[in-house]
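Down below is the structure, laid out as structure tokens.
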Amino acid sequence: DSGVTQTPKHLITATGQRVTLRCSPRSGDLSVYWYQQSLDQGLQFLIQYYNGEERAKGNILERFSAQQFPDLHSELNLSSLELGDSALYFCASSVQGSGELFFGEGSRLTVL
Amino acid sequence: GENVEQHPSTLSVQEGDSAVIKCTYSDSASNYFPWYKQELGKRPQLIIDIRSNVGEKKDQRIAVTLNKTAKHFSLHITETQPEDSAVYFCAAREDTGGFKTIFGAGTRLFVKA
């Protein structure tokens with residue numbers, strides 16, 4: 001158990017819909033990262049937050065947005081969903097500067 | 001931005017043999033290079049890492065080497081075992097205000113008993 005909690009574990013929805021994925025980082029970790037892993041693909045960096053502020057951005061689509069709340073949990077919002085958005089979405093957290101990312105179990109999104 | 005290339009995409013070895021996975025990165029500002037192992041259906045987990053001020057690091061059967069000049073780094077697994085079968089990801093981290101860790105595409109390692 002990494003200490004990073006993601007909900008929901010599985011989500012099935014239809015094209016055009018909107019979903020929210022939630023992540024609670026390890027106790028004490030201020031940084032949260034979101035990654036997308038499509039079938040048999042690598043880990044695509046989406047966005048990083050540190051103590052509530054956006055710090056780094058990857059190839060995140062405009063239809064996607066995220067935020068980190070004062071209690072340090074983070075949410076990834078995916079809207080106007082397309083079939084190609086079906087993927088495993090990982091959240092990871094780290095102690096700033098230590099390097100190691102601790103990943104959650106992921107949220108598997110299926111868009112039908 | 002940073003781009004990490006990883007080779008090979010698939011690697012099959014006999015139990016007891018060595019396995020080598022190679023990565024290159026593009027951004028000379030990257031200074032931290034971790035390796036993650038992802039077993040089927042599981043989350044990625046760090047197995048070893050190296051910082052830019054070190055050329056080599058070893059942990060039991062696993063070693064990582066870094067050539068900053070050539071922007072190459074490699075993972076070496078010796079005496080492979082069936083439980084080493086997994087997908088391995090290299091990564092490079094930029095420290096540019098944020099900490100953007102960019103991953104390679106992954107290497108699927110099969111260790112045949």
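Identifiers in the structure tokens: chain A, B, ... in order shown; residue index from 1 per chain; ligand index from 1 in order shown.
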Those in chain B with strand (DSSP E) from DSSP, as JSON, numbers by chain: {"B": [4, 5, 6, 7, 10, 11, 12, 13, 14, 19, 20, 21, 22, 23, 24, 25, 30, 31, 32, 33, 34, 35, 36, 37, 38, 45, 46, 47, 48, 49, 50, 51, 56, 57, 58, 59, 62, 63, 64, 65, 66, 67, 72, 73, 74, 75, 76, 77, 86, 87, 88, 89, 90, 91, 92, 93, 94, 95, 96, 98, 99, 100, 101, 102, 103, 107, 108, 109, 110, 111, 112]}
Within 8 Å of Ile47 (chain A) using only C-alpha atoms, minus same-chain residues under 5 positions, as a ChimeraX atom specification: /A:33-35,54-58,60,66
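For Lys112 (chain B), the set of protein, DNA and RNA residues having any atom at most 7 Å away, when counting only C-alpha atoms and skipping those fewer than 2 positions along the same chain, is Val13, Gln14, Glu15, Pro82 and Phe110 of chain B.
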Expected file: the selected residues, C-alpha atoms, as a CSV table (one decimal), in the first residue's frame:
```
chain,number,residue,atom,x,y,z
B,13,VAL,CA,15.5,-13.5,-21.5
B,14,GLN,CA,16.1,-16.9,-20.0
B,15,GLU,CA,16.1,-17.2,-16.2
B,82,PRO,CA,10.5,-15.1,-13.3
B,110,PHE,CA,9.7,-11.6,-20.0
```
Non-local contacts of region 85-97 of chain A (6 Å; only C-alpha atoms; under 4 positions in same chain excluded) as a PyMOL selection string: chain A and resi 25+29+31-38+101-104+106-111
Selected residues written out, C-alpha atoms, as a CSV table (one decimal), in the first residue's frame:
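Written file, part29.csv:
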```csv
chain,number,residue,atom,x,y,z
A,25,PRO,CA,-1.9,11.9,-1.3
A,29,ASP,CA,3.2,14.9,0.8
A,31,SER,CA,2.9,17.4,-4.4
A,32,VAL,CA,0.3,15.6,-6.4
A,33,TYR,CA,0.8,14.4,-10.0
A,34,TRP,CA,-1.7,13.1,-12.5
A,35,TYR,CA,-0.7,10.6,-15.3
A,36,GLN,CA,-2.7,8.9,-18.0
A,37,GLN,CA,-1.9,5.4,-19.1
A,38,SER,CA,-3.8,4.1,-22.2
A,101,LEU,CA,6.6,9.2,-6.8
A,102,PHE,CA,4.2,7.1,-4.8
A,103,PHE,CA,1.4,6.0,-7.1
A,104,GLY,CA,-2.2,5.2,-6.2
A,106,GLY,CA,-5.4,4.1,-10.4
A,107,SER,CA,-8.9,4.9,-11.7
A,108,ARG,CA,-9.9,2.9,-14.8
A,109,LEU,CA,-12.1,5.0,-17.0
A,110,THR,CA,-14.1,3.3,-19.8
A,111,VAL,CA,-15.9,5.6,-22.2
```
Interface residues on chain B facing chain A, 8 Å, only C-alpha atoms, written as a PyMOL selection string: chain B and resi 32+34+42-46+89+97-106
Store the residues of this selection in a file with all heavy atoms, as a CSV table (one decimal), in the first residue's frame.
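Output contents, as saved in out06.csv:
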```csv
chain,number,residue,atom,x,y,z
B,32,TYR,N,17.4,14.0,-12.3
B,32,TYR,CA,17.0,12.8,-11.5
B,32,TYR,C,16.4,11.8,-12.4
B,32,TYR,O,15.5,12.2,-13.3
B,32,TYR,CB,16.0,13.3,-10.4
B,32,TYR,CG,15.4,12.2,-9.6
B,32,TYR,CD1,16.1,11.5,-8.7
B,32,TYR,CD2,14.0,11.9,-9.8
B,32,TYR,CE1,15.6,10.4,-8.0
B,32,TYR,CE2,13.5,10.9,-9.0
B,32,TYR,CZ,14.2,10.2,-8.2
B,32,TYR,OH,13.6,9.2,-7.4
B,34,PRO,N,14.7,8.1,-12.3
B,34,PRO,CA,14.2,6.9,-11.6
B,34,PRO,C,13.8,5.8,-12.6
B,34,PRO,O,13.6,6.1,-13.8
B,34,PRO,CB,13.0,7.5,-10.9
B,34,PRO,CG,12.5,8.6,-11.8
B,34,PRO,CD,13.7,9.1,-12.5
B,42,LYS,N,-1.0,-3.7,-11.7
B,42,LYS,CA,-0.6,-3.0,-10.5
B,42,LYS,C,-0.1,-1.6,-10.8
B,42,LYS,O,0.0,-1.2,-11.9
B,42,LYS,CB,0.5,-3.8,-9.8
B,42,LYS,CG,0.2,-5.2,-9.5
B,42,LYS,CD,-0.7,-5.3,-8.3
B,42,LYS,CE,-1.0,-6.7,-7.8
B,42,LYS,NZ,0.2,-7.4,-7.3
B,43,ARG,N,0.2,-0.9,-9.7
B,43,ARG,CA,0.7,0.5,-9.9
B,43,ARG,C,2.2,0.5,-10.1
B,43,ARG,O,2.9,-0.5,-9.7
B,43,ARG,CB,0.4,1.3,-8.6
B,43,ARG,CG,1.0,0.7,-7.4
B,43,ARG,CD,0.5,1.4,-6.1
B,43,ARG,NE,0.9,0.6,-4.9
B,43,ARG,CZ,2.0,0.8,-4.3
B,43,ARG,NH1,2.9,1.7,-4.7
B,43,ARG,NH2,2.3,0.1,-3.2
B,44,PRO,N,2.8,1.5,-10.7
B,44,PRO,CA,4.2,1.5,-10.9
B,44,PRO,C,4.9,1.8,-9.5
B,44,PRO,O,4.4,2.5,-8.7
B,44,PRO,CB,4.4,2.8,-11.8
B,44,PRO,CG,3.1,3.0,-12.4
B,44,PRO,CD,2.1,2.6,-11.4
B,45,GLN,N,6.0,1.1,-9.3
B,45,GLN,CA,6.8,1.3,-8.1
B,45,GLN,C,8.2,1.5,-8.4
B,45,GLN,O,8.8,0.8,-9.3
B,45,GLN,CB,6.6,0.0,-7.2
B,45,GLN,CG,5.2,-0.1,-6.6
B,45,GLN,CD,5.1,-1.3,-5.6
B,45,GLN,OE1,4.8,-2.4,-6.0
B,45,GLN,NE2,5.4,-1.0,-4.4
B,46,LEU,N,8.8,2.4,-7.6
B,46,LEU,CA,10.2,2.7,-7.8
B,46,LEU,C,11.1,1.5,-7.4
B,46,LEU,O,10.9,0.9,-6.4
B,46,LEU,CB,10.6,3.9,-6.9
B,46,LEU,CG,12.1,4.4,-7.1
B,46,LEU,CD1,12.2,5.2,-8.3
B,46,LEU,CD2,12.4,5.3,-5.9
B,89,PHE,N,9.8,1.1,-16.6
B,89,PHE,CA,9.8,2.5,-17.2
B,89,PHE,C,11.0,3.2,-16.6
B,89,PHE,O,11.2,3.3,-15.4
B,89,PHE,CB,8.5,3.2,-16.7
B,89,PHE,CG,7.2,2.7,-17.3
B,89,PHE,CD1,6.4,1.8,-16.6
B,89,PHE,CD2,6.8,3.1,-18.6
B,89,PHE,CE1,5.2,1.4,-17.1
B,89,PHE,CE2,5.6,2.6,-19.1
B,89,PHE,CZ,4.8,1.7,-18.4
B,97,GLY,N,11.0,24.8,-11.4
B,97,GLY,CA,9.9,25.4,-10.7
B,97,GLY,C,9.0,24.3,-10.2
B,97,GLY,O,8.7,24.1,-9.1
B,98,GLY,N,8.6,23.5,-11.2
B,98,GLY,CA,7.8,22.3,-10.9
B,98,GLY,C,8.7,21.1,-11.0
B,98,GLY,O,9.9,21.2,-11.3
B,99,PHE,N,8.2,19.9,-10.7
B,99,PHE,CA,9.0,18.7,-10.9
B,99,PHE,C,8.3,17.7,-11.8
B,99,PHE,O,7.5,16.9,-11.4
B,99,PHE,CB,9.1,18.0,-9.5
B,99,PHE,CG,10.0,18.8,-8.5
B,99,PHE,CD1,9.4,19.7,-7.7
B,99,PHE,CD2,11.4,18.7,-8.6
B,99,PHE,CE1,10.1,20.5,-6.8
B,99,PHE,CE2,12.1,19.5,-7.7
B,99,PHE,CZ,11.5,20.4,-6.8
B,100,LYS,N,8.5,18.0,-13.1
B,100,LYS,CA,7.8,17.2,-14.1
B,100,LYS,C,8.6,16.0,-14.4
B,100,LYS,O,9.7,16.0,-14.9
B,100,LYS,CB,7.7,18.1,-15.4
B,100,LYS,CG,6.9,17.5,-16.5
B,100,LYS,CD,7.0,18.3,-17.8
B,100,LYS,CE,6.4,19.7,-17.6
B,100,LYS,NZ,6.4,20.4,-18.9
B,101,THR,N,8.1,14.8,-14.0
B,101,THR,CA,8.7,13.5,-14.3
B,101,THR,C,8.2,12.9,-15.6
B,101,THR,O,7.0,12.6,-15.6
B,101,THR,CB,8.6,12.6,-13.1
B,101,THR,OG1,9.1,13.1,-12.0
B,101,THR,CG2,9.3,11.2,-13.4
B,102,ILE,N,9.0,12.8,-16.6
B,102,ILE,CA,8.6,12.3,-17.9
B,102,ILE,C,9.1,10.9,-18.1
B,102,ILE,O,10.2,10.6,-17.9
B,102,ILE,CB,9.2,13.2,-19.0
B,102,ILE,CG1,8.7,14.7,-18.8
B,102,ILE,CG2,8.7,12.7,-20.4
B,102,ILE,CD1,7.2,14.9,-18.8
B,103,PHE,N,8.1,10.0,-18.4
B,103,PHE,CA,8.4,8.6,-18.5
B,103,PHE,C,8.7,8.2,-20.0
B,103,PHE,O,8.2,8.7,-20.9
B,103,PHE,CB,7.3,7.8,-18.0
B,103,PHE,CG,7.1,7.8,-16.5
B,103,PHE,CD1,6.6,8.9,-15.9
B,103,PHE,CD2,7.6,6.7,-15.8
B,103,PHE,CE1,6.4,8.9,-14.5
B,103,PHE,CE2,7.5,6.7,-14.4
B,103,PHE,CZ,6.9,7.8,-13.7
B,104,GLY,N,9.6,7.2,-20.1
B,104,GLY,CA,9.7,6.5,-21.4
B,104,GLY,C,8.5,5.6,-21.6
B,104,GLY,O,7.6,5.5,-20.8
B,105,ALA,N,8.5,5.0,-22.8
B,105,ALA,CA,7.3,4.2,-23.3
B,105,ALA,C,7.2,2.9,-22.6
B,105,ALA,O,6.2,2.2,-22.7
B,105,ALA,CB,7.3,4.1,-24.8
B,106,GLY,N,8.3,2.4,-21.9
B,106,GLY,CA,8.2,1.2,-21.2
B,106,GLY,C,8.8,0.0,-22.0
B,106,GLY,O,8.9,0.0,-23.2
```
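The list of residues with at least one atom within 7 Å of region 61-65 of chain B, based on only C-alpha atoms and without residues fewer than 3 positions apart in the same chain, reads Gly55, Glu56, Lys57, Lys58, Phe73, Ser74, Leu75, His76, Ile77, Thr78 and Glu79 of chain B.
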What would the file look like if the residues just selected were written as a PDB file, in the first residue's frame with all heavy atoms?
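Final file, selection14.pdb:
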```
ATOM      1  N   GLY B  55      27.475   8.485 -11.359  1.00  0.00           N
ATOM      2  CA  GLY B  55      27.564   7.775 -12.624  1.00  0.00           C
ATOM      3  C   GLY B  55      26.977   6.379 -12.600  1.00  0.00           C
ATOM      4  O   GLY B  55      26.554   5.865 -13.618  1.00  0.00           O
ATOM      5  N   GLU B  56      26.948   5.781 -11.394  1.00  0.00           N
ATOM      6  CA  GLU B  56      26.461   4.408 -11.297  1.00  0.00           C
ATOM      7  C   GLU B  56      25.925   4.160  -9.893  1.00  0.00           C
ATOM      8  O   GLU B  56      26.412   4.710  -8.913  1.00  0.00           O
ATOM      9  CB  GLU B  56      27.601   3.425 -11.593  1.00  0.00           C
ATOM     10  CG  GLU B  56      27.169   1.973 -11.625  1.00  0.00           C
ATOM     11  CD  GLU B  56      28.271   1.027 -12.104  1.00  0.00           C
ATOM     12  OE1 GLU B  56      29.344   1.511 -12.508  1.00  0.00           O
ATOM     13  OE2 GLU B  56      28.051  -0.190 -12.082  1.00  0.00           O
ATOM     14  N   LYS B  57      24.916   3.323  -9.820  1.00  0.00           N
ATOM     15  CA  LYS B  57      24.331   2.949  -8.533  1.00  0.00           C
ATOM     16  C   LYS B  57      23.879   1.514  -8.604  1.00  0.00           C
ATOM     17  O   LYS B  57      23.339   1.090  -9.634  1.00  0.00           O
ATOM     18  CB  LYS B  57      23.163   3.876  -8.202  1.00  0.00           C
ATOM     19  CG  LYS B  57      22.524   3.664  -6.848  1.00  0.00           C
ATOM     20  CD  LYS B  57      21.442   4.717  -6.629  1.00  0.00           C
ATOM     21  CE  LYS B  57      20.734   4.522  -5.306  1.00  0.00           C
ATOM     22  NZ  LYS B  57      19.675   5.552  -5.109  1.00  0.00           N
ATOM     23  N   LYS B  58      24.096   0.766  -7.525  1.00  0.00           N
ATOM     24  CA  LYS B  58      23.755  -0.645  -7.543  1.00  0.00           C
ATOM     25  C   LYS B  58      22.948  -1.007  -6.294  1.00  0.00           C
ATOM     26  O   LYS B  58      23.188  -0.482  -5.208  1.00  0.00           O
ATOM     27  CB  LYS B  58      25.031  -1.484  -7.592  1.00  0.00           C
ATOM     28  CG  LYS B  58      24.796  -2.952  -7.883  1.00  0.00           C
ATOM     29  CD  LYS B  58      26.111  -3.686  -8.110  1.00  0.00           C
ATOM     30  CE  LYS B  58      25.860  -5.159  -8.414  1.00  0.00           C
ATOM     31  NZ  LYS B  58      27.113  -5.897  -8.618  1.00  0.00           N
ATOM     32  N   PHE B  73      20.999   6.678 -20.034  1.00  0.00           N
ATOM     33  CA  PHE B  73      21.040   5.942 -18.794  1.00  0.00           C
ATOM     34  C   PHE B  73      20.445   4.563 -19.020  1.00  0.00           C
ATOM     35  O   PHE B  73      19.629   4.380 -19.927  1.00  0.00           O
ATOM     36  CB  PHE B  73      20.369   6.692 -17.631  1.00  0.00           C
ATOM     37  CG  PHE B  73      18.933   7.085 -17.825  1.00  0.00           C
ATOM     38  CD1 PHE B  73      17.954   6.538 -17.011  1.00  0.00           C
ATOM     39  CD2 PHE B  73      18.542   8.029 -18.774  1.00  0.00           C
ATOM     40  CE1 PHE B  73      16.627   6.912 -17.143  1.00  0.00           C
ATOM     41  CE2 PHE B  73      17.217   8.399 -18.928  1.00  0.00           C
ATOM     42  CZ  PHE B  73      16.257   7.841 -18.103  1.00  0.00           C
ATOM     43  N   SER B  74      20.918   3.616 -18.251  1.00  0.00           N
ATOM     44  CA  SER B  74      20.564   2.216 -18.498  1.00  0.00           C
ATOM     45  C   SER B  74      20.269   1.491 -17.198  1.00  0.00           C
ATOM     46  O   SER B  74      20.837   1.809 -16.157  1.00  0.00           O
ATOM     47  CB  SER B  74      21.700   1.476 -19.211  1.00  0.00           C
ATOM     48  OG  SER B  74      22.019   2.068 -20.446  1.00  0.00           O
ATOM     49  N   LEU B  75      19.403   0.484 -17.311  1.00  0.00           N
ATOM     50  CA  LEU B  75      19.075  -0.398 -16.192  1.00  0.00           C
ATOM     51  C   LEU B  75      19.638  -1.774 -16.499  1.00  0.00           C
ATOM     52  O   LEU B  75      19.439  -2.290 -17.601  1.00  0.00           O
ATOM     53  CB  LEU B  75      17.563  -0.480 -16.015  1.00  0.00           C
ATOM     54  CG  LEU B  75      17.056  -1.418 -14.915  1.00  0.00           C
ATOM     55  CD1 LEU B  75      17.361  -0.837 -13.535  1.00  0.00           C
ATOM     56  CD2 LEU B  75      15.564  -1.683 -15.056  1.00  0.00           C
ATOM     57  N   HIS B  76      20.320  -2.337 -15.531  1.00  0.00           N
ATOM     58  CA  HIS B  76      20.889  -3.664 -15.692  1.00  0.00           C
ATOM     59  C   HIS B  76      20.327  -4.563 -14.597  1.00  0.00           C
ATOM     60  O   HIS B  76      20.431  -4.229 -13.409  1.00  0.00           O
ATOM     61  CB  HIS B  76      22.419  -3.621 -15.554  1.00  0.00           C
ATOM     62  CG  HIS B  76      23.083  -2.674 -16.499  1.00  0.00           C
ATOM     63  ND1 HIS B  76      23.840  -3.099 -17.581  1.00  0.00           N
ATOM     64  CD2 HIS B  76      23.112  -1.320 -16.538  1.00  0.00           C
ATOM     65  CE1 HIS B  76      24.290  -2.032 -18.232  1.00  0.00           C
ATOM     66  NE2 HIS B  76      23.868  -0.951 -17.628  1.00  0.00           N
ATOM     67  N   ILE B  77      19.752  -5.679 -15.016  1.00  0.00           N
ATOM     68  CA  ILE B  77      19.252  -6.664 -14.052  1.00  0.00           C
ATOM     69  C   ILE B  77      20.047  -7.943 -14.275  1.00  0.00           C
ATOM     70  O   ILE B  77      20.069  -8.478 -15.385  1.00  0.00           O
ATOM     71  CB  ILE B  77      17.748  -6.946 -14.244  1.00  0.00           C
ATOM     72  CG1 ILE B  77      16.939  -5.656 -14.195  1.00  0.00           C
ATOM     73  CG2 ILE B  77      17.255  -7.916 -13.171  1.00  0.00           C
ATOM     74  CD1 ILE B  77      15.462  -5.843 -14.514  1.00  0.00           C
ATOM     75  N   THR B  78      20.717  -8.403 -13.249  1.00  0.00           N
ATOM     76  CA  THR B  78      21.499  -9.640 -13.368  1.00  0.00           C
ATOM     77  C   THR B  78      20.741 -10.794 -12.731  1.00  0.00           C
ATOM     78  O   THR B  78      19.821 -10.594 -11.922  1.00  0.00           O
ATOM     79  CB  THR B  78      22.868  -9.495 -12.684  1.00  0.00           C
ATOM     80  OG1 THR B  78      22.662  -9.164 -11.300  1.00  0.00           O
ATOM     81  CG2 THR B  78      23.698  -8.397 -13.332  1.00  0.00           C
ATOM     82  N   GLU B  79      21.119 -12.006 -13.130  1.00  0.00           N
ATOM     83  CA  GLU B  79      20.518 -13.233 -12.576  1.00  0.00           C
ATOM     84  C   GLU B  79      18.995 -13.119 -12.541  1.00  0.00           C
ATOM     85  O   GLU B  79      18.356 -13.289 -11.492  1.00  0.00           O
ATOM     86  CB  GLU B  79      21.069 -13.494 -11.171  1.00  0.00           C
ATOM     87  CG  GLU B  79      22.581 -13.680 -11.162  1.00  0.00           C
ATOM     88  CD  GLU B  79      23.137 -13.724  -9.731  1.00  0.00           C
ATOM     89  OE1 GLU B  79      22.368 -14.004  -8.800  1.00  0.00           O
ATOM     90  OE2 GLU B  79      24.341 -13.471  -9.573  1.00  0.00           O
TER      91      GLU B  79
END
```
Test item: residues at most 9 Å from Val19 (chain A), only C-alpha atoms, excluding those fewer than 2 positions along its chain, as number ranges by chain: A: 11, 13, 17, 21, 76-79, 81
Write out the residues from the selection above, keeping C-alpha atoms, as a PDB file, in the first residue's frame.
```pdb
ATOM      1  CA  LEU A  11     -15.834   4.083 -13.936  1.00  0.00           C
ATOM      2  CA  THR A  13     -19.575   6.317 -18.782  1.00  0.00           C
ATOM      3  CA  GLN A  17     -20.231  12.989 -20.266  1.00  0.00           C
ATOM      4  CA  LEU A  21     -11.487  11.445 -10.313  1.00  0.00           C
ATOM      5  CA  LEU A  76      -9.105  15.573 -12.054  1.00  0.00           C
ATOM      6  CA  ASN A  77     -12.131  16.623 -14.071  1.00  0.00           C
ATOM      7  CA  LEU A  78     -12.624  15.129 -17.524  1.00  0.00           C
ATOM      8  CA  SER A  79     -15.389  16.603 -19.664  1.00  0.00           C
ATOM      9  CA  LEU A  81     -15.524  12.556 -22.927  1.00  0.00           C
TER      10      LEU A  81
END
```
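The coordinates place CA of Leu39 (chain A) at 28.4 Å from CA of Ile50 (chain B).
Going from CA of Gln81 (chain B) to CA of Gln60 (chain B) covers 13.1 Å.
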